[in-house]
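File shown here: model.txt, holding compact mmCIF, C-alpha atoms.
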# COMPACT_ATOMS: atom_id res chain seq x y z
CA MET A 1 34.07 9.95 18.57
CA LEU A 2 32.03 8.01 21.06
CA LYS A 3 33.46 4.75 22.32
CA ASP A 4 31.87 1.32 21.70
CA LEU A 5 29.83 2.58 18.80
CA ASP A 6 29.76 0.51 15.62
CA PRO A 7 32.18 2.37 13.35
CA LEU A 8 30.27 1.15 10.31
CA LEU A 9 27.20 3.00 11.46
CA HIS A 10 28.91 6.00 12.93
CA SER A 11 29.63 7.50 9.52
CA GLN A 12 26.78 9.84 8.75
CA LEU A 13 26.08 8.71 5.20
CA ARG A 14 26.04 5.01 6.10
CA LEU A 15 23.80 5.80 9.06
CA GLY A 16 21.49 7.71 6.73
CA VAL A 17 21.22 4.78 4.34
CA MET A 18 20.55 2.38 7.23
CA SER A 19 17.93 4.71 8.78
CA ILE A 20 16.03 4.89 5.50
CA LEU A 21 16.22 1.14 4.97
CA MET A 22 14.95 0.60 8.53
CA ALA A 23 11.89 2.66 7.65
CA VAL A 24 11.05 1.16 4.24
CA GLU A 25 10.76 -2.32 2.75
CA GLN A 26 13.30 -1.67 0.01
CA ALA A 27 14.73 1.28 -1.86
CA ASP A 28 16.75 1.75 -5.01
CA PHE A 29 20.11 3.46 -5.37
CA THR A 30 18.72 6.71 -6.82
CA TYR A 31 16.19 7.04 -4.00
CA LEU A 32 18.92 6.62 -1.36
CA LYS A 33 21.17 9.07 -3.20
CA GLU A 34 18.46 11.74 -3.33
CA LYS A 35 17.31 11.34 0.28
CA THR A 36 20.82 11.48 1.70
CA ASN A 37 21.99 14.26 -0.67
CA ALA A 38 25.10 12.26 -1.46
CA THR A 39 27.09 11.96 -4.66
CA ALA A 40 26.72 8.79 -6.70
CA GLY A 41 30.37 7.83 -6.16
CA ASN A 42 30.29 8.29 -2.40
CA ILE A 43 27.02 6.50 -1.79
CA SER A 44 28.04 3.61 -3.99
CA VAL A 45 31.18 3.11 -1.85
CA GLN A 46 29.15 3.24 1.37
CA ILE A 47 26.52 0.82 0.07
CA ASP A 48 29.31 -1.53 -0.86
CA LYS A 49 30.73 -1.38 2.69
CA LEU A 50 27.32 -2.04 4.25
CA GLU A 51 26.79 -4.95 1.90
CA LYS A 52 30.19 -6.47 2.72
CA ALA A 53 29.29 -6.32 6.43
CA ASN A 54 26.00 -8.10 5.57
CA TYR A 55 24.02 -5.18 7.00
CA ILE A 56 22.13 -4.79 3.75
CA SER A 57 21.43 -6.98 0.74
CA VAL A 58 21.88 -5.51 -2.71
CA GLU A 59 20.19 -6.80 -5.81
CA LYS A 60 21.28 -5.66 -9.23
CA SER A 61 18.87 -5.86 -12.13
CA PHE A 62 17.72 -3.84 -15.11
CA ARG A 63 14.76 -1.54 -15.62
CA GLY A 64 14.56 -1.38 -19.36
CA LYS A 65 18.12 -0.66 -20.40
CA ARG A 66 19.10 1.13 -17.21
CA PRO A 67 20.74 -0.75 -14.32
CA LEU A 68 18.72 -0.90 -11.12
CA THR A 69 20.26 -1.43 -7.69
CA THR A 70 17.77 -2.36 -5.00
CA CYS A 71 18.81 -2.31 -1.34
CA LYS A 72 17.15 -3.98 1.60
CA ILE A 73 18.20 -4.18 5.23
CA THR A 74 19.13 -7.64 6.61
CA LYS A 75 18.38 -9.14 10.04
CA LYS A 76 22.00 -8.56 10.97
CA GLY A 77 21.65 -4.94 9.86
CA ILE A 78 18.50 -4.43 11.95
CA THR A 79 20.22 -5.82 15.06
CA ALA A 80 23.29 -3.65 14.45
CA PHE A 81 21.14 -0.56 13.93
CA GLU A 82 19.11 -1.19 17.10
CA THR A 83 22.24 -1.81 19.14
CA TYR A 84 23.75 1.41 17.78
CA VAL A 85 20.64 3.45 18.66
CA ASN A 86 20.52 1.93 22.16
CA HIS A 87 24.15 2.85 22.68
CA LEU A 88 23.46 6.42 21.56
CA LYS A 89 20.54 6.62 23.98
CA SER A 90 22.64 5.30 26.84
CA TYR A 91 25.11 8.14 26.24
CA ILE A 92 22.34 10.68 26.56
CA ASN A 93 20.65 9.23 29.64
CA MET B 1 26.42 13.96 24.82
CA LYS B 2 25.94 16.35 21.96
CA GLU B 3 27.31 13.98 19.33
CA ALA B 4 24.91 11.19 20.31
CA GLU B 5 21.98 13.61 20.18
CA LYS B 6 23.10 14.82 16.79
CA GLN B 7 23.23 11.26 15.44
CA LEU B 8 19.76 10.42 16.82
CA GLN B 9 18.38 13.58 15.29
CA TYR B 10 19.93 12.67 11.95
CA ILE B 11 18.32 9.20 12.11
CA GLU B 12 14.92 10.81 12.73
CA GLU B 13 15.41 13.24 9.85
CA MET B 14 16.29 10.41 7.46
CA ILE B 15 13.30 8.32 8.54
CA ALA B 16 11.04 11.36 8.09
CA THR B 17 12.16 11.72 4.45
CA THR B 18 10.60 8.33 3.67
CA LYS B 19 7.09 9.55 4.49
CA GLY B 20 6.10 10.10 0.91
CA ASN B 21 3.01 10.52 -1.17
CA LEU B 22 0.25 8.21 -0.01
CA SER B 23 -2.23 8.96 -2.76
CA GLY B 24 -0.81 6.39 -5.23
CA GLY B 25 -3.40 3.81 -4.20
CA SER B 26 -6.33 6.07 -5.07
CA ILE B 27 -6.27 4.88 -8.70
CA HIS B 28 -7.18 1.35 -7.57
CA PHE B 29 -10.11 2.57 -5.46
CA LEU B 30 -11.34 4.59 -8.42
CA LEU B 31 -10.85 1.79 -10.94
CA TRP B 32 -12.73 -0.84 -8.94
CA GLY B 33 -15.19 1.68 -7.51
CA TRP B 34 -16.41 2.94 -10.87
CA LEU B 35 -16.41 -0.54 -12.47
CA VAL B 36 -18.48 -2.11 -9.68
CA PHE B 37 -20.78 0.94 -9.66
CA ALA B 38 -21.30 0.68 -13.44
CA ALA B 39 -21.79 -3.11 -13.35
CA ALA B 40 -24.40 -2.87 -10.58
CA LEU B 41 -26.37 -0.12 -12.32
CA LEU B 42 -26.19 -1.85 -15.72
CA ASN B 43 -27.43 -5.05 -14.13
CA TYR B 44 -30.27 -3.10 -12.51
CA ILE B 45 -31.27 -1.40 -15.77
CA LEU B 46 -31.06 -4.59 -17.88
CA LEU B 47 -33.05 -6.50 -15.25
CA ASN B 48 -35.84 -3.97 -14.80
CA TYR B 49 -36.17 -2.20 -18.13
CA THR B 50 -35.25 -4.81 -20.78
CA ASP B 51 -36.03 -8.41 -21.63
CA TYR B 52 -32.37 -9.24 -22.07
CA SER B 53 -31.77 -12.85 -20.99
CA SER B 54 -28.41 -12.25 -19.27
CA PRO B 55 -28.83 -9.02 -17.30
CA TRP B 56 -25.77 -9.92 -15.18
CA ILE B 57 -23.47 -9.75 -18.23
CA ALA B 58 -21.80 -6.51 -17.09
CA TRP B 59 -20.25 -8.27 -14.08
CA PRO B 60 -17.97 -10.77 -15.84
CA VAL B 61 -17.14 -8.26 -18.60
CA LEU B 62 -16.32 -5.28 -16.36
CA MET B 63 -14.63 -7.32 -13.61
CA SER B 64 -12.34 -9.03 -16.16
CA LEU B 65 -11.55 -5.61 -17.59
CA GLY B 66 -10.82 -4.45 -14.03
CA ALA B 67 -8.44 -7.34 -13.40
CA VAL B 68 -6.50 -6.62 -16.61
CA LEU B 69 -6.30 -2.88 -15.85
CA ALA B 70 -5.35 -3.49 -12.19
CA ILE B 71 -2.47 -5.78 -13.20
CA TYR B 72 -1.30 -3.27 -15.83
CA LEU B 73 -1.46 -0.33 -13.37
CA GLY B 74 0.19 -2.34 -10.60
CA ARG B 75 3.09 -3.29 -12.86
CA LYS B 76 3.46 0.28 -14.11
CA GLN B 77 3.49 1.64 -10.56
CA SER B 78 6.02 -0.88 -9.32
CA LYS B 79 8.27 -0.10 -12.31
CA GLU B 80 8.09 3.63 -11.64
CA SER B 81 8.41 3.56 -7.86
CA ARG B 82 11.91 3.63 -6.50
CA VAL B 83 10.96 2.65 -2.99
CA VAL B 84 8.60 0.18 -1.35
CA THR B 85 7.47 1.48 2.04
CA LYS B 86 6.15 -0.61 4.92
CA ILE B 87 2.75 0.99 4.26
CA ASP B 88 2.88 -0.19 0.61
CA LYS B 89 3.62 -3.70 1.81
CA MET B 90 0.79 -3.70 4.36
CA LEU B 91 -1.70 -2.47 1.77
CA VAL B 92 -0.65 -5.08 -0.78
CA GLN B 93 -1.06 -7.84 1.84
CA LEU B 94 -4.44 -6.49 2.93
CA TRP B 95 -5.85 -6.25 -0.59
CA ALA B 96 -4.41 -9.60 -1.65
CA GLY B 97 -6.20 -11.17 1.33
CA PHE B 98 -9.31 -9.17 0.44
CA GLY B 99 -9.22 -10.47 -3.15
CA ILE B 100 -8.94 -14.08 -2.01
CA THR B 101 -11.76 -13.65 0.54
CA LEU B 102 -13.93 -12.03 -2.15
CA PHE B 103 -13.32 -15.02 -4.41
CA VAL B 104 -14.17 -17.48 -1.58
CA VAL B 105 -17.39 -15.58 -0.83
CA LEU B 106 -18.33 -15.56 -4.53
CA LEU B 107 -17.99 -19.36 -4.55
CA ALA B 108 -20.85 -19.42 -2.04
CA MET B 109 -23.16 -17.67 -4.51
CA GLY B 110 -24.58 -20.97 -5.81
CA ALA B 111 -25.33 -22.32 -2.36
CA MET B 112 -26.52 -19.14 -0.65
CA GLY B 113 -27.91 -17.03 -3.48
CA PRO B 114 -27.10 -13.42 -4.36
CA THR B 115 -29.37 -11.84 -1.75
CA LYS B 116 -27.13 -13.28 0.99
CA VAL B 117 -23.81 -13.00 -0.84
CA TYR B 118 -24.12 -9.34 -1.94
CA PRO B 119 -24.40 -8.02 1.64
CA MET B 120 -21.33 -10.09 2.53
CA LEU B 121 -19.46 -8.35 -0.30
CA MET B 122 -20.56 -4.95 1.05
CA ALA B 123 -19.33 -5.90 4.53
CA LEU B 124 -16.06 -6.97 2.95
CA TYR B 125 -15.68 -3.57 1.21
CA GLY B 126 -16.12 -2.07 4.66
CA LEU B 127 -13.32 -4.21 6.10
CA GLY B 128 -10.89 -3.36 3.28
CA THR B 129 -11.50 0.37 3.31
CA PHE B 130 -11.62 0.59 7.12
CA VAL B 131 -8.18 -1.02 7.51
CA SER B 132 -6.76 0.96 4.56
CA GLY B 133 -8.07 4.18 6.10
CA GLY B 134 -6.40 3.27 9.39
CA ILE B 135 -3.06 2.45 7.75
CA LEU B 136 -3.12 5.62 5.64
CA ASN B 137 -4.56 7.79 8.42
CA PHE B 138 -7.30 8.82 6.04
CA LYS B 139 -10.69 9.26 7.71
CA PRO B 140 -12.94 9.40 4.59
CA LEU B 141 -12.09 5.74 3.87
CA GLN B 142 -13.16 4.77 7.37
CA ILE B 143 -16.36 6.81 7.18
CA GLY B 144 -17.03 5.12 3.82
CA ALA B 145 -16.46 1.75 5.50
CA VAL B 146 -19.18 2.50 8.06
CA ALA B 147 -21.54 3.40 5.19
CA ALA B 148 -20.71 0.08 3.46
CA TRP B 149 -21.42 -1.82 6.68
CA ILE B 150 -24.79 -0.07 7.04
CA CYS B 151 -25.61 -1.03 3.42
CA ALA B 152 -24.65 -4.63 4.30
CA ILE B 153 -26.95 -4.71 7.35
CA VAL B 154 -29.85 -3.31 5.30
CA GLY B 155 -29.00 -5.78 2.52
CA PHE B 156 -29.25 -8.83 4.77
CA TYR B 157 -32.96 -8.01 5.23
CA GLN B 158 -33.76 -7.42 1.54
CA GLU B 159 -35.26 -10.35 -0.31
CA GLN B 160 -35.39 -8.54 -3.68
CA PHE B 161 -32.27 -8.91 -5.80
CA ASP B 162 -32.65 -5.51 -7.46
CA SER B 163 -32.49 -3.83 -4.02
CA GLN B 164 -29.13 -5.55 -3.52
CA LEU B 165 -27.88 -3.97 -6.75
CA ILE B 166 -28.81 -0.47 -5.56
CA LEU B 167 -27.27 -1.16 -2.15
CA ILE B 168 -23.99 -2.46 -3.57
CA ALA B 169 -23.80 0.59 -5.86
CA ALA B 170 -24.33 2.83 -2.81
CA ALA B 171 -21.79 0.88 -0.73
CA ILE B 172 -19.10 1.19 -3.42
CA LEU B 173 -19.91 4.88 -3.98
CA PHE B 174 -19.38 5.70 -0.28
CA SER B 175 -16.49 3.35 0.46
CA TYR B 176 -14.42 3.51 -2.75
CA ILE B 177 -15.46 6.25 -5.16
CA ILE B 178 -15.86 9.27 -2.86
CA PRO B 179 -12.83 8.50 -0.65
CA GLY B 180 -10.86 7.52 -3.78
CA HIS B 181 -11.43 10.94 -5.35
CA LEU B 182 -10.64 12.68 -2.05
CA LEU B 183 -7.43 10.66 -1.72
CA ALA B 184 -6.40 11.47 -5.31
CA SER B 185 -6.91 15.18 -4.67
CA LYS B 186 -4.42 15.02 -1.77
CA LYS B 187 -1.49 14.88 -4.20
Represent the supplied structure as structure tokens.
Amino acid sequence: MLKDLDPLLHSQLRLGVMSILMAVEQADFTYLKEKTNATAGNISVQIDKLEKANYISVEKSFRGKRPLTTCKITKKGITAFETYVNHLKSYIN
Amino acid sequence: MKEAEKQLQYIEEMIATTKGNLSGGSIHFLLWGWLVFAAALLNYILLNYTDYSSPWIAWPVLMSLGAVLAIYLGRKQSKESRVVTKIDKMLVQLWAGFGITLFVVLLAMGAMGPTKVYPMLMALYGLGTFVSGGILNFKPLQIGAVAAWICAIVGFYQEQFDSQLILIAAAILFSYIIPGHLLASKK
């Protein structure tokens, strides 16, 4: 494990979720689950952790009768992600 | 560091998965394209080949129909889509601004008359499809935009209203209908 790297982002699944949310405006739970190839249980835990750290905002609503969880990256999340990527790059260079 | 490289590569892979299907907007080009095309030609036919007192009637009828259908389709698409990309957001902002500008220009119809306002509408089609083509990386929209701008330039020098109707039909055919069908076939 590399030193000084944000442990929240160093987990691959959480990093995957953050990378996707960096690239899009917002995405729902099922989209994130499919793109990261994760199980529903695992991704739900990781989304929860990212939300608790205020890296993402999560909005729960309903689409018809089915629950809909929409995730969006926050300003804090963007800064954390950029810092993480810069750290990674500094290890390479 | 191999681990750092691996993480960066993973980030790139994840971002790449978000580059989805871009042809979803084609339905809106086709909807408005065909409605404007039909309204212009109906106006032309009613004006030149009948004594009907309101030859412009197709415009309010078909444009209201367009607004209702566009709202319905927009709602359906946003319900079905599980992700909103940055491109989606840019396009929505562009076309919202386009719609407002179109409305502002239409308000000038009374003061300036249709022979000046119609070419402005054609130029506006060019702006909307040129920027959309750039955002979507889709050349036919930008080629169509150039055609719409040429129609606008020609239109500014036409005093006859029925020539404006043919020009606006041509502008919408090249800037919306043809690129719209090409975009839809990209699915």
Counting all atoms listed in the file, collect the residues of chain A whose closest atom lies at most 12 Å from chain B, and write them out as an mmCIF file with C-alpha atoms, in the frame of the given file.
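Final output, iface.cif:
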data_model
loop_
_atom_site.group_PDB
_atom_site.id
_atom_site.type_symbol
_atom_site.label_atom_id
_atom_site.label_comp_id
_atom_site.auth_asym_id
_atom_site.auth_seq_id
_atom_site.Cartn_x
_atom_site.Cartn_y
_atom_site.Cartn_z
ATOM 1 C CA MET A 1 34.070 9.950 18.570
ATOM 2 C CA LEU A 2 32.030 8.010 21.060
ATOM 3 C CA LYS A 3 33.460 4.750 22.320
ATOM 4 C CA LEU A 5 29.830 2.580 18.800
ATOM 5 C CA LEU A 9 27.200 3.000 11.460
ATOM 6 C CA HIS A 10 28.910 6.000 12.930
ATOM 7 C CA SER A 11 29.630 7.500 9.520
ATOM 8 C CA GLN A 12 26.780 9.840 8.750
ATOM 9 C CA LEU A 13 26.080 8.710 5.200
ATOM 10 C CA ARG A 14 26.040 5.010 6.100
ATOM 11 C CA LEU A 15 23.800 5.800 9.060
ATOM 12 C CA GLY A 16 21.490 7.710 6.730
ATOM 13 C CA VAL A 17 21.220 4.780 4.340
ATOM 14 C CA MET A 18 20.550 2.380 7.230
ATOM 15 C CA SER A 19 17.930 4.710 8.780
ATOM 16 C CA ILE A 20 16.030 4.890 5.500
ATOM 17 C CA LEU A 21 16.220 1.140 4.970
ATOM 18 C CA MET A 22 14.950 0.600 8.530
ATOM 19 C CA ALA A 23 11.890 2.660 7.650
ATOM 20 C CA VAL A 24 11.050 1.160 4.240
ATOM 21 C CA GLU A 25 10.760 -2.320 2.750
ATOM 22 C CA GLN A 26 13.300 -1.670 0.010
ATOM 23 C CA ALA A 27 14.730 1.280 -1.860
ATOM 24 C CA ASP A 28 16.750 1.750 -5.010
ATOM 25 C CA PHE A 29 20.110 3.460 -5.370
ATOM 26 C CA THR A 30 18.720 6.710 -6.820
ATOM 27 C CA TYR A 31 16.190 7.040 -4.000
ATOM 28 C CA LEU A 32 18.920 6.620 -1.360
ATOM 29 C CA LYS A 33 21.170 9.070 -3.200
ATOM 30 C CA GLU A 34 18.460 11.740 -3.330
ATOM 31 C CA LYS A 35 17.310 11.340 0.280
ATOM 32 C CA THR A 36 20.820 11.480 1.700
ATOM 33 C CA ASN A 37 21.990 14.260 -0.670
ATOM 34 C CA PHE A 62 17.720 -3.840 -15.110
ATOM 35 C CA ARG A 63 14.760 -1.540 -15.620
ATOM 36 C CA GLY A 64 14.560 -1.380 -19.360
ATOM 37 C CA ARG A 66 19.100 1.130 -17.210
ATOM 38 C CA LEU A 68 18.720 -0.900 -11.120
ATOM 39 C CA THR A 69 20.260 -1.430 -7.690
ATOM 40 C CA THR A 70 17.770 -2.360 -5.000
ATOM 41 C CA CYS A 71 18.810 -2.310 -1.340
ATOM 42 C CA LYS A 72 17.150 -3.980 1.600
ATOM 43 C CA PHE A 81 21.140 -0.560 13.930
ATOM 44 C CA GLU A 82 19.110 -1.190 17.100
ATOM 45 C CA TYR A 84 23.750 1.410 17.780
ATOM 46 C CA VAL A 85 20.640 3.450 18.660
ATOM 47 C CA ASN A 86 20.520 1.930 22.160
ATOM 48 C CA HIS A 87 24.150 2.850 22.680
ATOM 49 C CA LEU A 88 23.460 6.420 21.560
ATOM 50 C CA LYS A 89 20.540 6.620 23.980
ATOM 51 C CA SER A 90 22.640 5.300 26.840
ATOM 52 C CA TYR A 91 25.110 8.140 26.240
ATOM 53 C CA ILE A 92 22.340 10.680 26.560
ATOM 54 C CA ASN A 93 20.650 9.230 29.640
#
Dump as a PDB file with C-alpha atoms, in the frame of the given file all residues having an atom at most 8 Å from (-26.7, -9.6, 3.1), computed in the file's coordinates with all atoms listed in the file.
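Writing the result to point.pdb gives the following:
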ATOM      1  CA  THR B 115     -29.370 -11.840  -1.750  1.00  0.00           C
ATOM      2  CA  LYS B 116     -27.130 -13.280   0.990  1.00  0.00           C
ATOM      3  CA  VAL B 117     -23.810 -13.000  -0.840  1.00  0.00           C
ATOM      4  CA  TYR B 118     -24.120  -9.340  -1.940  1.00  0.00           C
ATOM      5  CA  PRO B 119     -24.400  -8.020   1.640  1.00  0.00           C
ATOM      6  CA  MET B 120     -21.330 -10.090   2.530  1.00  0.00           C
ATOM      7  CA  MET B 122     -20.560  -4.950   1.050  1.00  0.00           C
ATOM      8  CA  ALA B 152     -24.650  -4.630   4.300  1.00  0.00           C
ATOM      9  CA  ILE B 153     -26.950  -4.710   7.350  1.00  0.00           C
ATOM     10  CA  VAL B 154     -29.850  -3.310   5.300  1.00  0.00           C
ATOM     11  CA  GLY B 155     -29.000  -5.780   2.520  1.00  0.00           C
ATOM     12  CA  PHE B 156     -29.250  -8.830   4.770  1.00  0.00           C
ATOM     13  CA  TYR B 157     -32.960  -8.010   5.230  1.00  0.00           C
ATOM     14  CA  GLN B 158     -33.760  -7.420   1.540  1.00  0.00           C
TER      15      GLN B 158
END
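For the pair CA of Gly74 (chain B) and CA of Ile47 (chain A), the separation is 28.6 Å.
Across the structure, CA of Ser185 (chain B) and CA of Phe138 (chain B) are spaced 12.5 Å apart.
Ranking B:Ile27, B:Ala148, B:Leu141, B:Ile177 by their shortest atom-to-atom distance to Tyr72 (chain B), with all atoms listed in the file included, puts B:Ile27 first.
Reported to one decimal place, the separation of CA of Leu91 (chain B) from CA of Lys60 (chain A) is 25.7 Å.
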Please, what is the axis-aligned box for every listed atom of region 55-58 of chain A with 4 Å on each side, as centre and edge lengths in Å to one decimal, as JSON?
{"center_x": 22.7, "center_y": -5.9, "center_z": 2.1, "size_x": 10.6, "size_y": 10.2, "size_z": 17.7}
Skipping near chain neighbours, those fewer than 6 positions away, what residues fall within 8 Å of region 34-37 of chain B using all atoms listed in the file, listed as a PyMOL selection string?
chain B and resi 59+62-63+66+168-170+172-173+177
Since the input lacks atoms, please generate all heavy atoms for region 127-137 of chain B and provide them as a PDB file, keeping the file's coordinate frame.
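And here's result21.pdb as it stands now:
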ATOM      1  N   LEU B 127     -14.562  -3.748   5.443  1.00  0.00           N
ATOM      2  CA  LEU B 127     -13.320  -4.210   6.100  1.00  0.00           C
ATOM      3  C   LEU B 127     -12.095  -3.638   5.379  1.00  0.00           C
ATOM      4  O   LEU B 127     -11.206  -3.052   6.003  1.00  0.00           O
ATOM      5  CB  LEU B 127     -13.273  -5.742   6.096  1.00  0.00           C
ATOM      6  CG  LEU B 127     -11.948  -6.354   6.567  1.00  0.00           C
ATOM      7  CD1 LEU B 127     -11.757  -6.152   8.061  1.00  0.00           C
ATOM      8  CD2 LEU B 127     -11.858  -7.825   6.229  1.00  0.00           C
ATOM      9  N   GLY B 128     -12.056  -3.805   4.057  1.00  0.00           N
ATOM     10  CA  GLY B 128     -10.890  -3.360   3.280  1.00  0.00           C
ATOM     11  C   GLY B 128     -10.640  -1.870   3.408  1.00  0.00           C
ATOM     12  O   GLY B 128      -9.518  -1.434   3.640  1.00  0.00           O
ATOM     13  N   THR B 129     -11.715  -1.083   3.281  1.00  0.00           N
ATOM     14  CA  THR B 129     -11.500   0.370   3.310  1.00  0.00           C
ATOM     15  C   THR B 129     -11.273   0.873   4.741  1.00  0.00           C
ATOM     16  O   THR B 129     -10.557   1.839   4.938  1.00  0.00           O
ATOM     17  CB  THR B 129     -12.677   1.127   2.654  1.00  0.00           C
ATOM     18  OG1 THR B 129     -13.899   0.648   3.197  1.00  0.00           O
ATOM     19  CG2 THR B 129     -12.697   0.914   1.159  1.00  0.00           C
ATOM     20  N   PHE B 130     -11.842   0.167   5.726  1.00  0.00           N
ATOM     21  CA  PHE B 130     -11.620   0.590   7.120  1.00  0.00           C
ATOM     22  C   PHE B 130     -10.143   0.415   7.488  1.00  0.00           C
ATOM     23  O   PHE B 130      -9.511   1.313   8.035  1.00  0.00           O
ATOM     24  CB  PHE B 130     -12.499  -0.225   8.070  1.00  0.00           C
ATOM     25  CG  PHE B 130     -12.438   0.249   9.495  1.00  0.00           C
ATOM     26  CD1 PHE B 130     -13.202   1.331   9.911  1.00  0.00           C
ATOM     27  CD2 PHE B 130     -11.605  -0.368  10.418  1.00  0.00           C
ATOM     28  CE1 PHE B 130     -13.142   1.791  11.218  1.00  0.00           C
ATOM     29  CE2 PHE B 130     -11.533   0.096  11.732  1.00  0.00           C
ATOM     30  CZ  PHE B 130     -12.306   1.166  12.124  1.00  0.00           C
ATOM     31  N   VAL B 131      -9.590  -0.760   7.171  1.00  0.00           N
ATOM     32  CA  VAL B 131      -8.180  -1.020   7.510  1.00  0.00           C
ATOM     33  C   VAL B 131      -7.256  -0.107   6.678  1.00  0.00           C
ATOM     34  O   VAL B 131      -6.318   0.481   7.214  1.00  0.00           O
ATOM     35  CB  VAL B 131      -7.821  -2.511   7.315  1.00  0.00           C
ATOM     36  CG1 VAL B 131      -6.351  -2.758   7.652  1.00  0.00           C
ATOM     37  CG2 VAL B 131      -8.700  -3.397   8.192  1.00  0.00           C
ATOM     38  N   SER B 132      -7.560   0.049   5.389  1.00  0.00           N
ATOM     39  CA  SER B 132      -6.760   0.960   4.560  1.00  0.00           C
ATOM     40  C   SER B 132      -6.757   2.371   5.125  1.00  0.00           C
ATOM     41  O   SER B 132      -5.720   3.026   5.203  1.00  0.00           O
ATOM     42  CB  SER B 132      -7.310   1.038   3.134  1.00  0.00           C
ATOM     43  OG  SER B 132      -6.954  -0.096   2.409  1.00  0.00           O
ATOM     44  N   GLY B 133      -7.949   2.836   5.515  1.00  0.00           N
ATOM     45  CA  GLY B 133      -8.070   4.180   6.100  1.00  0.00           C
ATOM     46  C   GLY B 133      -7.237   4.311   7.360  1.00  0.00           C
ATOM     47  O   GLY B 133      -6.614   5.343   7.592  1.00  0.00           O
ATOM     48  N   GLY B 134      -7.203   3.255   8.156  1.00  0.00           N
ATOM     49  CA  GLY B 134      -6.400   3.270   9.390  1.00  0.00           C
ATOM     50  C   GLY B 134      -4.922   3.320   9.076  1.00  0.00           C
ATOM     51  O   GLY B 134      -4.173   4.104   9.654  1.00  0.00           O
ATOM     52  N   ILE B 135      -4.490   2.494   8.110  1.00  0.00           N
ATOM     53  CA  ILE B 135      -3.060   2.450   7.750  1.00  0.00           C
ATOM     54  C   ILE B 135      -2.618   3.791   7.167  1.00  0.00           C
ATOM     55  O   ILE B 135      -1.556   4.300   7.475  1.00  0.00           O
ATOM     56  CB  ILE B 135      -2.798   1.304   6.729  1.00  0.00           C
ATOM     57  CG1 ILE B 135      -3.011  -0.068   7.390  1.00  0.00           C
ATOM     58  CG2 ILE B 135      -1.385   1.394   6.156  1.00  0.00           C
ATOM     59  CD1 ILE B 135      -2.974  -1.250   6.415  1.00  0.00           C
ATOM     60  N   LEU B 136      -3.479   4.367   6.315  1.00  0.00           N
ATOM     61  CA  LEU B 136      -3.120   5.620   5.640  1.00  0.00           C
ATOM     62  C   LEU B 136      -3.456   6.868   6.458  1.00  0.00           C
ATOM     63  O   LEU B 136      -3.150   7.975   6.033  1.00  0.00           O
ATOM     64  CB  LEU B 136      -3.860   5.721   4.299  1.00  0.00           C
ATOM     65  CG  LEU B 136      -3.491   4.720   3.215  1.00  0.00           C
ATOM     66  CD1 LEU B 136      -4.485   4.775   2.069  1.00  0.00           C
ATOM     67  CD2 LEU B 136      -2.090   4.997   2.697  1.00  0.00           C
ATOM     68  N   ASN B 137      -4.092   6.653   7.620  1.00  0.00           N
ATOM     69  CA  ASN B 137      -4.560   7.790   8.420  1.00  0.00           C
ATOM     70  C   ASN B 137      -5.497   8.667   7.626  1.00  0.00           C
ATOM     71  O   ASN B 137      -5.351   9.887   7.598  1.00  0.00           O
ATOM     72  CB  ASN B 137      -3.361   8.638   8.870  1.00  0.00           C
ATOM     73  CG  ASN B 137      -3.060   8.404  10.319  1.00  0.00           C
ATOM     74  OD1 ASN B 137      -3.966   8.086  11.104  1.00  0.00           O
ATOM     75  ND2 ASN B 137      -1.806   8.528  10.685  1.00  0.00           N
TER      76      ASN B 137
END
